[in-house]
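**Student:** Structure file structure32.tsv (TSV, N, CA and C atoms) is given on the next line.
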```
chain	number	residue	atom	x	y	z
T	29	MET	N	-76.13	4.12	-10.01
T	29	MET	CA	-76.33	3.12	-11.02
T	29	MET	C	-77.26	2.01	-10.56
T	30	ALA	N	-77.34	1.81	-9.28
T	30	ALA	CA	-78.17	0.71	-8.79
T	30	ALA	C	-79.65	0.95	-9.07
T	31	TRP	N	-80.03	2.17	-9.37
T	31	TRP	CA	-81.45	2.46	-9.62
T	31	TRP	C	-81.98	1.73	-10.84
T	32	ILE	N	-81.10	1.26	-11.73
T	32	ILE	CA	-81.59	0.56	-12.91
T	32	ILE	C	-82.14	-0.82	-12.56
T	33	PHE	N	-81.88	-1.31	-11.34
T	33	PHE	CA	-82.37	-2.62	-10.93
T	33	PHE	C	-83.63	-2.53	-10.06
T	34	VAL	N	-84.09	-1.33	-9.76
T	34	VAL	CA	-85.28	-1.16	-8.94
T	34	VAL	C	-86.49	-1.61	-9.74
T	35	PRO	N	-87.41	-2.34	-9.12
T	35	PRO	CA	-88.54	-2.91	-9.88
T	35	PRO	C	-89.35	-1.88	-10.65
T	36	SER	N	-89.52	-0.67	-10.14
T	36	SER	CA	-90.32	0.31	-10.88
T	36	SER	C	-89.65	0.68	-12.20
T	37	VAL	N	-88.33	0.74	-12.21
T	37	VAL	CA	-87.62	1.02	-13.46
T	37	VAL	C	-87.75	-0.17	-14.40
T	38	LEU	N	-87.70	-1.38	-13.85
T	38	LEU	CA	-87.83	-2.57	-14.68
T	38	LEU	C	-89.21	-2.64	-15.33
T	39	THR	N	-90.26	-2.30	-14.59
T	39	THR	CA	-91.60	-2.35	-15.17
T	39	THR	C	-91.78	-1.24	-16.20
T	40	GLU	N	-91.13	-0.11	-15.98
T	40	GLU	CA	-91.20	0.99	-16.95
T	40	GLU	C	-90.52	0.60	-18.26
T	41	ILE	N	-89.42	-0.09	-18.16
T	41	ILE	CA	-88.66	-0.47	-19.34
T	41	ILE	C	-89.16	-1.79	-19.92
T	42	ASN	N	-90.03	-2.48	-19.20
T	42	ASN	CA	-90.49	-3.80	-19.61
T	42	ASN	C	-91.14	-3.81	-20.99
T	43	SER	N	-91.70	-2.69	-21.39
T	43	SER	CA	-92.34	-2.66	-22.71
T	43	SER	C	-91.32	-2.81	-23.84
T	44	ASN	N	-90.09	-2.37	-23.60
T	44	ASN	CA	-89.04	-2.50	-24.61
T	44	ASN	C	-87.73	-2.86	-23.90
T	45	PRO	N	-87.42	-4.13	-23.77
T	45	PRO	CA	-86.24	-4.54	-23.01
T	45	PRO	C	-84.92	-4.09	-23.60
T	46	ILE	N	-84.90	-3.75	-24.88
T	46	ILE	CA	-83.65	-3.31	-25.48
T	46	ILE	C	-83.17	-2.02	-24.82
T	47	HIS	N	-84.11	-1.16	-24.38
T	47	HIS	CA	-83.72	0.07	-23.67
T	47	HIS	C	-83.01	-0.26	-22.37
T	48	TYR	N	-83.51	-1.29	-21.67
T	48	TYR	CA	-82.87	-1.70	-20.43
T	48	TYR	C	-81.45	-2.18	-20.69
T	49	PHE	N	-81.25	-2.99	-21.72
T	49	PHE	CA	-79.93	-3.50	-22.00
T	49	PHE	C	-78.97	-2.40	-22.46
T	50	ILE	N	-79.48	-1.43	-23.18
T	50	ILE	CA	-78.64	-0.29	-23.56
T	50	ILE	C	-78.25	0.50	-22.32
T	51	LEU	N	-79.21	0.73	-21.43
T	51	LEU	CA	-78.92	1.45	-20.18
T	51	LEU	C	-77.93	0.67	-19.32
T	52	LEU	N	-78.14	-0.63	-19.20
T	52	LEU	CA	-77.24	-1.47	-18.41
T	52	LEU	C	-75.84	-1.47	-19.02
T	53	GLY	N	-75.76	-1.57	-20.34
T	53	GLY	CA	-74.46	-1.53	-21.02
T	53	GLY	C	-73.74	-0.22	-20.79
T	54	ALA	N	-74.47	0.88	-20.83
T	54	ALA	CA	-73.85	2.19	-20.60
T	54	ALA	C	-73.33	2.29	-19.17
T	55	CYS	N	-74.10	1.80	-18.21
T	55	CYS	CA	-73.65	1.83	-16.82
T	55	CYS	C	-72.44	0.94	-16.61
T	56	LEU	N	-72.43	-0.23	-17.23
T	56	LEU	CA	-71.28	-1.12	-17.10
T	56	LEU	C	-70.05	-0.52	-17.77
T	57	LEU	N	-70.24	0.18	-18.87
T	57	LEU	CA	-69.12	0.85	-19.53
T	57	LEU	C	-68.53	1.92	-18.61
T	58	LEU	N	-69.38	2.69	-17.97
T	58	LEU	CA	-68.90	3.70	-17.02
T	58	LEU	C	-68.17	3.06	-15.84
T	59	LEU	N	-68.71	1.97	-15.34
T	59	LEU	CA	-68.09	1.29	-14.22
T	59	LEU	C	-66.73	0.72	-14.61
T	60	THR	N	-66.64	0.12	-15.78
T	60	THR	CA	-65.37	-0.42	-16.25
T	60	THR	C	-64.34	0.68	-16.46
T	61	THR	N	-64.78	1.81	-16.99
T	61	THR	CA	-63.88	2.94	-17.17
T	61	THR	C	-63.38	3.44	-15.82
T	62	GLY	N	-64.25	3.45	-14.83
T	62	GLY	CA	-63.83	3.84	-13.48
T	62	GLY	C	-62.80	2.88	-12.91
T	63	PHE	N	-63.00	1.59	-13.15
T	63	PHE	CA	-62.01	0.60	-12.70
T	63	PHE	C	-60.66	0.86	-13.34
T	64	MET	N	-60.65	1.24	-14.59
T	64	MET	CA	-59.41	1.50	-15.29
T	64	MET	C	-58.65	2.65	-14.63
T	65	PHE	N	-59.38	3.70	-14.25
T	65	PHE	CA	-58.74	4.85	-13.63
T	65	PHE	C	-58.19	4.53	-12.25
T	66	VAL	N	-58.68	3.49	-11.61
T	66	VAL	CA	-58.16	3.07	-10.31
T	66	VAL	C	-57.08	2.01	-10.49
T	67	SER	N	-57.32	1.06	-11.36
T	67	SER	CA	-56.43	-0.09	-11.50
T	67	SER	C	-55.05	0.31	-12.02
T	68	ILE	N	-54.99	1.15	-13.01
T	68	ILE	CA	-53.70	1.51	-13.60
T	68	ILE	C	-52.80	2.22	-12.60
T	69	PRO	N	-53.27	3.24	-11.86
T	69	PRO	CA	-52.39	3.85	-10.86
T	69	PRO	C	-51.97	2.88	-9.75
T	70	VAL	N	-52.87	1.98	-9.34
T	70	VAL	CA	-52.51	1.02	-8.30
T	70	VAL	C	-51.43	0.08	-8.82
T	71	GLN	N	-51.58	-0.42	-10.05
T	71	GLN	CA	-50.56	-1.29	-10.63
T	71	GLN	C	-49.22	-0.57	-10.75
T	72	THR	N	-49.25	0.68	-11.16
T	72	THR	CA	-48.02	1.46	-11.28
T	72	THR	C	-47.38	1.67	-9.92
T	73	MET	N	-48.19	1.96	-8.91
T	73	MET	CA	-47.67	2.16	-7.56
T	73	MET	C	-47.01	0.87	-7.04
T	74	ILE	N	-47.66	-0.26	-7.29
T	74	ILE	CA	-47.10	-1.54	-6.84
T	74	ILE	C	-45.77	-1.81	-7.55
T	75	GLN	N	-45.72	-1.54	-8.85
T	75	GLN	CA	-44.48	-1.77	-9.59
T	75	GLN	C	-43.35	-0.87	-9.12
T	76	ASN	N	-43.67	0.37	-8.78
T	76	ASN	CA	-42.64	1.31	-8.33
T	76	ASN	C	-42.19	1.02	-6.91
T	77	ALA	N	-43.10	0.55	-6.06
T	77	ALA	CA	-42.76	0.35	-4.65
T	77	ALA	C	-42.11	-1.00	-4.37
T	78	THR	N	-42.26	-1.95	-5.28
T	78	THR	CA	-41.75	-3.31	-5.05
T	78	THR	C	-40.38	-3.47	-5.69
T	79	PRO	N	-39.42	-3.99	-4.93
T	79	PRO	CA	-38.12	-4.29	-5.56
T	79	PRO	C	-38.29	-5.30	-6.69
T	80	GLU	N	-37.48	-5.17	-7.70
T	80	GLU	CA	-37.66	-6.00	-8.90
T	80	GLU	C	-37.52	-7.49	-8.60
T	81	ALA	N	-36.72	-7.85	-7.63
T	81	ALA	CA	-36.53	-9.26	-7.29
T	81	ALA	C	-37.80	-9.88	-6.72
T	82	TYR	N	-38.67	-9.06	-6.12
T	82	TYR	CA	-39.89	-9.56	-5.49
T	82	TYR	C	-41.15	-9.29	-6.31
T	83	LEU	N	-41.01	-8.65	-7.44
T	83	LEU	CA	-42.17	-8.23	-8.21
T	83	LEU	C	-43.05	-9.41	-8.65
T	84	SER	N	-42.43	-10.47	-9.13
T	84	SER	CA	-43.23	-11.62	-9.57
T	84	SER	C	-43.94	-12.28	-8.40
T	85	ARG	N	-43.30	-12.29	-7.23
T	85	ARG	CA	-43.94	-12.87	-6.05
T	85	ARG	C	-45.14	-12.05	-5.60
T	86	VAL	N	-44.98	-10.74	-5.65
T	86	VAL	CA	-46.08	-9.85	-5.25
T	86	VAL	C	-47.27	-10.02	-6.19
T	87	TYR	N	-47.01	-10.05	-7.49
T	87	TYR	CA	-48.11	-10.21	-8.44
T	87	TYR	C	-48.72	-11.61	-8.36
T	88	SER	N	-47.91	-12.62	-8.06
T	88	SER	CA	-48.47	-13.95	-7.85
T	88	SER	C	-49.40	-13.98	-6.65
T	89	LEU	N	-49.00	-13.32	-5.58
T	89	LEU	CA	-49.84	-13.25	-4.38
T	89	LEU	C	-51.14	-12.50	-4.67
T	90	LEU	N	-51.05	-11.39	-5.39
T	90	LEU	CA	-52.25	-10.64	-5.75
T	90	LEU	C	-53.17	-11.48	-6.63
T	91	ASN	N	-52.60	-12.24	-7.53
T	91	ASN	CA	-53.39	-13.10	-8.41
T	91	ASN	C	-54.10	-14.19	-7.61
T	92	ILE	N	-53.38	-14.80	-6.68
T	92	ILE	CA	-53.99	-15.84	-5.84
T	92	ILE	C	-55.13	-15.26	-5.00
T	93	MET	N	-54.91	-14.08	-4.44
T	93	MET	CA	-55.96	-13.46	-3.62
T	93	MET	C	-57.18	-13.10	-4.47
T	94	SER	N	-56.96	-12.60	-5.67
T	94	SER	CA	-58.10	-12.24	-6.51
T	94	SER	C	-58.85	-13.48	-6.99
T	95	LYS	N	-58.13	-14.55	-7.28
T	95	LYS	CA	-58.80	-15.79	-7.69
T	95	LYS	C	-59.56	-16.41	-6.52
T	96	GLY	N	-59.05	-16.27	-5.31
T	96	GLY	CA	-59.73	-16.80	-4.14
T	96	GLY	C	-60.93	-15.97	-3.73
T	97	ALA	N	-60.89	-14.70	-4.07
T	97	ALA	CA	-62.00	-13.82	-3.71
T	97	ALA	C	-63.24	-14.10	-4.56
T	98	LEU	N	-63.05	-14.64	-5.74
T	98	LEU	CA	-64.18	-14.90	-6.63
T	98	LEU	C	-65.17	-15.91	-6.06
T	99	PRO	N	-64.75	-17.11	-5.62
T	99	PRO	CA	-65.73	-18.02	-5.04
T	99	PRO	C	-66.27	-17.53	-3.70
T	100	LEU	N	-65.44	-16.83	-2.95
T	100	LEU	CA	-65.92	-16.28	-1.68
T	100	LEU	C	-67.01	-15.25	-1.93
T	101	GLY	N	-66.80	-14.38	-2.92
T	101	GLY	CA	-67.81	-13.39	-3.27
T	101	GLY	C	-69.09	-14.03	-3.78
T	102	ALA	N	-68.95	-15.09	-4.57
T	102	ALA	CA	-70.14	-15.80	-5.07
T	102	ALA	C	-70.92	-16.43	-3.92
T	103	PHE	N	-70.22	-16.96	-2.94
T	103	PHE	CA	-70.88	-17.54	-1.77
T	103	PHE	C	-71.64	-16.48	-0.98
T	104	VAL	N	-70.98	-15.37	-0.69
T	104	VAL	CA	-71.62	-14.30	0.09
T	104	VAL	C	-72.79	-13.71	-0.69
T	105	TYR	N	-72.60	-13.45	-1.96
T	105	TYR	CA	-73.66	-12.88	-2.81
T	105	TYR	C	-74.86	-13.82	-2.86
T	106	GLY	N	-74.60	-15.12	-3.05
T	106	GLY	CA	-75.68	-16.10	-3.09
T	106	GLY	C	-76.44	-16.18	-1.78
T	107	TYR	N	-75.72	-16.07	-0.67
T	107	TYR	CA	-76.37	-16.10	0.64
T	107	TYR	C	-77.33	-14.93	0.80
T	108	PHE	N	-76.86	-13.74	0.44
T	108	PHE	CA	-77.72	-12.56	0.58
T	108	PHE	C	-78.89	-12.57	-0.41
T	109	LEU	N	-78.68	-13.16	-1.58
T	109	LEU	CA	-79.77	-13.24	-2.55
T	109	LEU	C	-80.90	-14.14	-2.05
T	110	GLU	N	-80.60	-15.07	-1.17
T	110	GLU	CA	-81.64	-15.92	-0.58
T	110	GLU	C	-82.46	-15.15	0.46
T	111	LEU	N	-81.87	-14.10	1.04
T	111	LEU	CA	-82.52	-13.38	2.14
T	111	LEU	C	-83.33	-12.17	1.70
T	112	VAL	N	-82.82	-11.42	0.73
T	112	VAL	CA	-83.46	-10.16	0.33
T	112	VAL	C	-83.64	-10.14	-1.19
T	113	PRO	N	-84.47	-9.21	-1.70
T	113	PRO	CA	-84.67	-9.12	-3.15
T	113	PRO	C	-83.38	-8.77	-3.90
T	114	VAL	N	-83.33	-9.17	-5.14
T	114	VAL	CA	-82.14	-8.99	-5.96
T	114	VAL	C	-81.77	-7.51	-6.08
T	115	TYR	N	-82.75	-6.66	-6.33
T	115	TYR	CA	-82.42	-5.25	-6.54
T	115	TYR	C	-81.81	-4.61	-5.30
T	116	ALA	N	-82.20	-5.07	-4.10
T	116	ALA	CA	-81.61	-4.52	-2.87
T	116	ALA	C	-80.15	-4.94	-2.74
T	117	VAL	N	-79.86	-6.20	-3.05
T	117	VAL	CA	-78.48	-6.68	-2.98
T	117	VAL	C	-77.61	-5.96	-3.99
T	118	VAL	N	-78.12	-5.79	-5.20
T	118	VAL	CA	-77.36	-5.10	-6.24
T	118	VAL	C	-77.14	-3.64	-5.86
T	119	ALA	N	-78.15	-2.99	-5.30
T	119	ALA	CA	-78.02	-1.59	-4.90
T	119	ALA	C	-76.95	-1.44	-3.83
T	120	VAL	N	-76.97	-2.30	-2.83
T	120	VAL	CA	-75.96	-2.22	-1.77
T	120	VAL	C	-74.57	-2.54	-2.31
T	121	THR	N	-74.49	-3.55	-3.17
T	121	THR	CA	-73.20	-3.92	-3.75
T	121	THR	C	-72.62	-2.79	-4.58
T	122	VAL	N	-73.44	-2.16	-5.40
T	122	VAL	CA	-72.95	-1.04	-6.21
T	122	VAL	C	-72.53	0.11	-5.31
T	123	GLY	N	-73.29	0.39	-4.26
T	123	GLY	CA	-72.91	1.45	-3.33
T	123	GLY	C	-71.58	1.18	-2.65
T	124	VAL	N	-71.38	-0.04	-2.19
T	124	VAL	CA	-70.11	-0.40	-1.56
T	124	VAL	C	-68.97	-0.33	-2.56
T	125	LEU	N	-69.22	-0.77	-3.78
T	125	LEU	CA	-68.20	-0.74	-4.82
T	125	LEU	C	-67.80	0.68	-5.17
T	126	VAL	N	-68.77	1.54	-5.32
T	126	VAL	CA	-68.48	2.94	-5.65
T	126	VAL	C	-67.72	3.61	-4.50
T	127	ALA	N	-68.13	3.33	-3.26
T	127	ALA	CA	-67.43	3.89	-2.10
T	127	ALA	C	-66.00	3.37	-2.03
T	128	SER	N	-65.81	2.10	-2.32
T	128	SER	CA	-64.47	1.51	-2.30
T	128	SER	C	-63.58	2.12	-3.37
T	129	ILE	N	-64.13	2.29	-4.56
T	129	ILE	CA	-63.35	2.90	-5.64
T	129	ILE	C	-62.96	4.33	-5.27
T	130	GLY	N	-63.90	5.07	-4.68
T	130	GLY	CA	-63.59	6.43	-4.25
T	130	GLY	C	-62.51	6.46	-3.19
T	131	ARG	N	-62.57	5.53	-2.26
T	131	ARG	CA	-61.56	5.45	-1.20
T	131	ARG	C	-60.19	5.11	-1.78
T	132	ILE	N	-60.15	4.15	-2.68
T	132	ILE	CA	-58.88	3.76	-3.31
T	132	ILE	C	-58.33	4.93	-4.12
T	133	PHE	N	-59.20	5.62	-4.83
T	133	PHE	CA	-58.75	6.76	-5.63
T	133	PHE	C	-58.15	7.84	-4.73
T	134	ARG	N	-58.79	8.10	-3.57
T	134	ARG	CA	-58.22	9.08	-2.63
T	134	ARG	C	-56.89	8.61	-2.07
T	135	MET	N	-56.76	7.32	-1.80
T	135	MET	CA	-55.49	6.80	-1.29
T	135	MET	C	-54.38	6.96	-2.33
T	136	VAL	N	-54.69	6.64	-3.58
T	136	VAL	CA	-53.70	6.77	-4.65
T	136	VAL	C	-53.31	8.24	-4.83
T	137	THR	N	-54.27	9.13	-4.77
T	137	THR	CA	-53.98	10.56	-4.89
T	137	THR	C	-53.09	11.03	-3.75
T	138	THR	N	-53.38	10.60	-2.53
T	138	THR	CA	-52.56	10.97	-1.38
T	138	THR	C	-51.16	10.42	-1.52
T	139	LEU	N	-51.02	9.18	-1.96
T	139	LEU	CA	-49.69	8.60	-2.14
T	139	LEU	C	-48.91	9.32	-3.23
T	140	ARG	N	-49.59	9.74	-4.28
T	140	ARG	CA	-48.92	10.51	-5.34
T	140	ARG	C	-48.42	11.83	-4.80
T	141	GLN	N	-49.23	12.49	-3.99
T	141	GLN	CA	-48.82	13.78	-3.44
T	141	GLN	C	-47.61	13.61	-2.53
T	142	HIS	N	-47.61	12.55	-1.73
T	142	HIS	CA	-46.47	12.32	-0.84
T	142	HIS	C	-45.23	11.96	-1.62
T	143	SER	N	-45.37	11.21	-2.70
T	143	SER	CA	-44.19	10.84	-3.49
T	143	SER	C	-43.65	12.05	-4.28
T	144	ASN	N	-44.53	12.96	-4.67
T	144	ASN	CA	-44.08	14.16	-5.36
T	144	ASN	C	-43.37	15.13	-4.42
T	145	GLN	N	-43.75	15.12	-3.15
T	145	GLN	CA	-43.12	16.01	-2.17
T	145	GLN	C	-41.74	15.50	-1.77
T	146	SER	N	-41.53	14.21	-1.87
T	146	SER	CA	-40.24	13.63	-1.47
T	146	SER	C	-39.16	13.89	-2.47
```
Rewrite the structure of this file - the entire thing - as C-alpha cells.

**Tutor:**
Amino acid sequence: MAWIFVPSVLTEINSNPIHYFILLGACLLLLTTGFMFVSIPVQTMIQNATPEAYLSRVYSLLNIMSKGALPLGAFVYGYFLELVPVYAVVAVTVGVLVASIGRIFRMVTTLRQHSNQS
C-alpha cells in the first residue's frame, strides 16, 4: 500500500487527483478492515483471560497506554519527517504496521489453537 505515496505514482495521478483519493480511500478501507480482524479477537482474548473483577482495570490501562502512544507516535513521526522524504517514512510505517498486524494475527491464531487443545 505504501506505493501510493511514491512520487512517480503521485505525478501519474496528478492530472486527476480524485483518482488518488479514491485509491487512498480504498487502501484505508482495506487497512481498517484488517485492523478489525485483529482487534476483535484480541479484545475477546483479553475478556476471556481476565478475571471479571480486574476487567475494568485492564481496559483502563490499555486505554491509558493507547492515549499515551498517540503523542509519542506524533513526536517520532515528526522527527523522521524532518530527516527523510514523506513517502519513505510512510512506506516504512506501512511496512512495519503490516508486519505487526501479521505477527499479532499469528499470535492470536496460536493462542486459539492452544485454547482449543486444552

**Student:** If I wrap all listed atoms of region 65-74 of chain T in a box with edges along x, y and z and add 8 Å on each side, what are its centre and edge lengths in Å to one decimal, as lines of an AutoDock Vina configuration file?

**Tutor:**
```
center_x = -52.6
center_y = 1.5
center_z = -10.5
size_x = 29.6
size_y = 22.7
size_z = 23.4
```

**Student:** Report as a list of chain:residue names all protein, DNA and RNA residues lying within 12 Å of region 97-106 of chain T, evaluated on only C-alpha atoms, omitting residues in the same chain fewer than 6 positions from it.

**Tutor:**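 Result of the neighbour search: T:Leu90, T:Asn91, T:Val112, T:Pro113, T:Val114, T:Ala116, T:Val117, T:Val118, T:Val120, T:Thr121.
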
**Student:** Emit the selected residues as a tab-separated table (two decimals), in the coordinates of the input, including N, CA and C atoms.

**Tutor:**
```tsv
chain	number	residue	atom	x	y	z
T	90	LEU	N	-51.05	-11.39	-5.39
T	90	LEU	CA	-52.25	-10.64	-5.75
T	90	LEU	C	-53.17	-11.48	-6.63
T	91	ASN	N	-52.60	-12.24	-7.53
T	91	ASN	CA	-53.39	-13.10	-8.41
T	91	ASN	C	-54.10	-14.19	-7.61
T	112	VAL	N	-82.82	-11.42	0.73
T	112	VAL	CA	-83.46	-10.16	0.33
T	112	VAL	C	-83.64	-10.14	-1.19
T	113	PRO	N	-84.47	-9.21	-1.70
T	113	PRO	CA	-84.67	-9.12	-3.15
T	113	PRO	C	-83.38	-8.77	-3.90
T	114	VAL	N	-83.33	-9.17	-5.14
T	114	VAL	CA	-82.14	-8.99	-5.96
T	114	VAL	C	-81.77	-7.51	-6.08
T	116	ALA	N	-82.20	-5.07	-4.10
T	116	ALA	CA	-81.61	-4.52	-2.87
T	116	ALA	C	-80.15	-4.94	-2.74
T	117	VAL	N	-79.86	-6.20	-3.05
T	117	VAL	CA	-78.48	-6.68	-2.98
T	117	VAL	C	-77.61	-5.96	-3.99
T	118	VAL	N	-78.12	-5.79	-5.20
T	118	VAL	CA	-77.36	-5.10	-6.24
T	118	VAL	C	-77.14	-3.64	-5.86
T	120	VAL	N	-76.97	-2.30	-2.83
T	120	VAL	CA	-75.96	-2.22	-1.77
T	120	VAL	C	-74.57	-2.54	-2.31
T	121	THR	N	-74.49	-3.55	-3.17
T	121	THR	CA	-73.20	-3.92	-3.75
T	121	THR	C	-72.62	-2.79	-4.58
```

**Student:** Would you please work out which residue, of T:Phe63, T:Tyr107, T:Asn144, T:Leu83, is nearest to Ile132 (chain T) when using only C-alpha atoms?

**Tutor:** T:Phe63

**Student:** Which distance in Å separates CA of Tyr82 (chain T) and CA of Met64 (chain T), to one decimal?

**Tutor:**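 CA of Tyr82 (chain T) sits 24.5 Å away from CA of Met64 (chain T).
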
**Student:** Using CA of Arg134 (chain T) and CA of Lys95 (chain T) as the two end points, give the distance in Å to one decimal.

**Tutor:**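 Computing the Euclidean distance for CA of Arg134 (chain T) and CA of Lys95 (chain T) yields 25.4 Å.
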
**Student:** Record the distance separating atom C of Leu57 (chain T) and CA of Gly123 (chain T), expressed in Å with one decimal.

**Tutor:** 15.9 Å
